[in-house]
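Enquirer: For reference, the structure I am asking about is given below.
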Amino acid sequence: MDKKDEFSVIVKTEMKKVFNLAYKLCGDFHQASDITQETFLRAYQNFEKFEGRSQMFTYLYRIACNVWKNSLRKKRVMSWTSYVSGKDAVKIDPPAKDICPCEEIRREDKSKIIQKCLDSLPPKDKAIIVLRDMEDRSYEEIASMLNCRLGTVKSRLARARKSLSEKIMPFMEVMEK
Amino acid sequence: MKIHGNIKTLSLYMDKRLDMKLANKVEAHIDACPDCRETLQKMIMARDWLSVTEAVKPPPSLEKEIIKKIYSPGRSFFPAKKLFFALGCAAVIFASFFLMHKDQPSMRLASAPDEALTEEPLYDAEPSKERPARKETEAMPAGKPVKTDKPLRQTAAAPEVKAPELSIAADDEAAEHIALKEEARSPLTAEKDIKVEEPSFARARSEPSGQALSAGSKYITSEVANKESPASVGKNIPEPIIIKSAEDWNKIWNIQNSAQNLSLALPEVDFNQKMVVAIPSIENNREYFVVNTVEEKDKIIVQYKEQPLQKSHPLPYQINIVPQKPAVELQKID
């Protein structure tokens with residue numbers, strides 16, 4: 001089995017996971033497709049460097065996170081004017097008390113609310129919470145994927161969780177009612 | 001370990017990443033502390049919400065597209081393109097740098113900007129808090145800076161004049177001053193030497209209000225800024241020493257070095273275009289320090305300050321390298 005055939009098998013087995021991670025990170029179907037493609041292409045280009053010390057999905061997740069971060073950077077550069085003026089900033093306002101939040105919940109389903117809340121987090125916090133609480137990766141894997149220390153993962157995850165819980169709680173309360 | 005309000009500990013507790021002992025402590029604290037309990041509950045609820053999100057199906061054509069791109073031959077050239085681009089950029093940068101500095105072999109020495117280099121104190125100077133911005137001053141060669149913490153004094157000089165015509169012989173005080181600084185007998189202290197040695201090393205006796213020193217001298221000293229105080233007129237004006245030859249430059253540099261037991265290398269001066277002006281730091285029980293030099297069309301103006309002698313000055317002269325001009329003017333600044 002040559003390199004291409006070997007890698008084709010990897011694409012088949014890991015593509016769904018990578019795509020889901022990309023979708024959770026970026027929240028956009030088409031962008032997730034692009035990130036997935038770019039991830040596998042980069043993985044293929046550097047396939048010879050992969051020594052098998054970590055699992056393949058860890059390797060792919062790390063690339064996917066980097067591709068996503070790069071895409072954010074490009075996006076920021078391209079729309080820096082609107083970014084500076086705050087037009088593109090994602091703001092999550094809790095449901096106003098005088099307006100029934102049920103309306104909003106009706107309009108947007110649960111996953112969209114989650115995505116919106118996730119988008120409001122800083123990219124690093126978002127990545128860590130996606131990997132831990134949505135992808136159920138271990139602390140060690142996350143540290144490897146994001147190329148940071150274990151202690152950083154712990155503290156950043158705690159901060160992200162608190163921040164996300166504060167943002168998501170008003171919607172949850174409404175759902176419970 | 002503080003547990004109350006410690007989000008990190010609560011987060012680790014959620015993930016069962018704490019050891020048994022600490023986990024028990026956290027559990028006990030949560031039972032007792034409603035704030036921490038609420039925080040933990042919120043975090044757990046948020047996590048539960050996140051964990052139930054449904055997986056998204058990738059588009060069916062995605063796998064084919066990925067395989068297609070991997071198999072496409074154009075892609076394999078991509079790293080080579082990047083490499084060529086990087087090499088090209090490097091070549092352009094190198095070429096432009098080479099072209100820019102091709103004609104400047106001694107770039108730092110030849111083209112050192114005046115202001116930048118004159119900021120380096122070359123010689124000992126009096127501290128001055130109110131110094132104006134120094135401009136138009138030629139600097140020492142960049143290759144031989146002498147660093148001190150004290151600010152720079154600058155002197156400008158300009159002699160096209162011949163020394164023998166100056167009234168150096170009458171200047172006993174000045175000669176004595178130099179003799180004190182230079183233990184070994186130097187041509188600087190000797191009237192004969194100076195007279196014989198043609199024009200290059202000239203001492204000018206300063207006179208009050210802008211008068212010429214002697215008939216042949218083009219050195220003019222004056223107190224412009226202090227004209228309104230008659231008491232100062234005619235008193236306490238430093239005597240500039242103008243140096244126009246490498247030999248004399250070497251001598252005064254040795255004096256300067258020996259005063260501090262230093263052996264600093266002699267800075268290079270192109271005497272075809274420049275000259276050296278040395279202002280005595282102490283004279284007539286006064287201390288002088290140059291605060292600025294201004295280069296004009298046909299003269300150099302040396303602005304200086306004076307103060308009563310405080311016996312704190314370690315160096316005999318304040319030396320500055322300036323462009324050659326036919327005249328030098330001293331201006332006292334209050």
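So you can find residues: chains in the structure tokens are A, B, ... in the order shown, residues in each start at 1, and ligands are numbered from 1 in order.
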Please check the contacts: residues of chain B at most 9 Å away from chain A, using only C-alpha atoms, listed as a ChimeraX atom specification.

Expert: /B:7-12,39-40,42-59,62-63,65-67,69-71,75-76,79

Enquirer: Hey, what's within 9 Å of Leu22 of chain B if we count only C-alpha atoms and toss same-chain stuff fewer than 5 positions away? As a tab-separated table (two decimals) with C-alpha atoms, in the first residue's frame, please?

Expert:
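File part_29.tsv, as written:
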```tsv
chain	number	residue	atom	x	y	z
B	1	MET	CA	-5.43	25.46	49.18
B	13	TYR	CA	-13.63	18.59	40.39
B	27	GLU	CA	-17.26	18.41	48.29
```

Enquirer: Which residue gives the smallest distance to Arg137 of chain A among A:Lys124, A:Phe50, A:Arg149, A:Tyr61, with only C-alpha atoms counted?

Expert: A:Tyr61

Enquirer: For Trp253 of chain B, find every residue with an atom within 9 Å (counting only C-alpha atoms), except residues of its own chain fewer than 3 positions away, and show them as a list in words.

Expert: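 Residues near the query, excluding close chain neighbours: Asp248, Trp249, Asn250, Gln256, Asn257, Ser258, Leu264, Ala265, Leu266, Pro267 and Ile319 of chain B.
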
Enquirer: Please report the interatomic distance between atom CA of Gln55 of chain A and atom CA of Glu141 of chain A in Å with one decimal.

Expert: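 Distance reported for this atom pair: 9.5 Å.
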
Enquirer: What does the distance between atom CA of Pro240 of chain B and atom CA of Asn284 of chain B come to in Å, to one decimal place?

Expert: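 According to the coordinates, atom CA of Pro240 of chain B and atom CA of Asn284 of chain B are separated by 13.8 Å.
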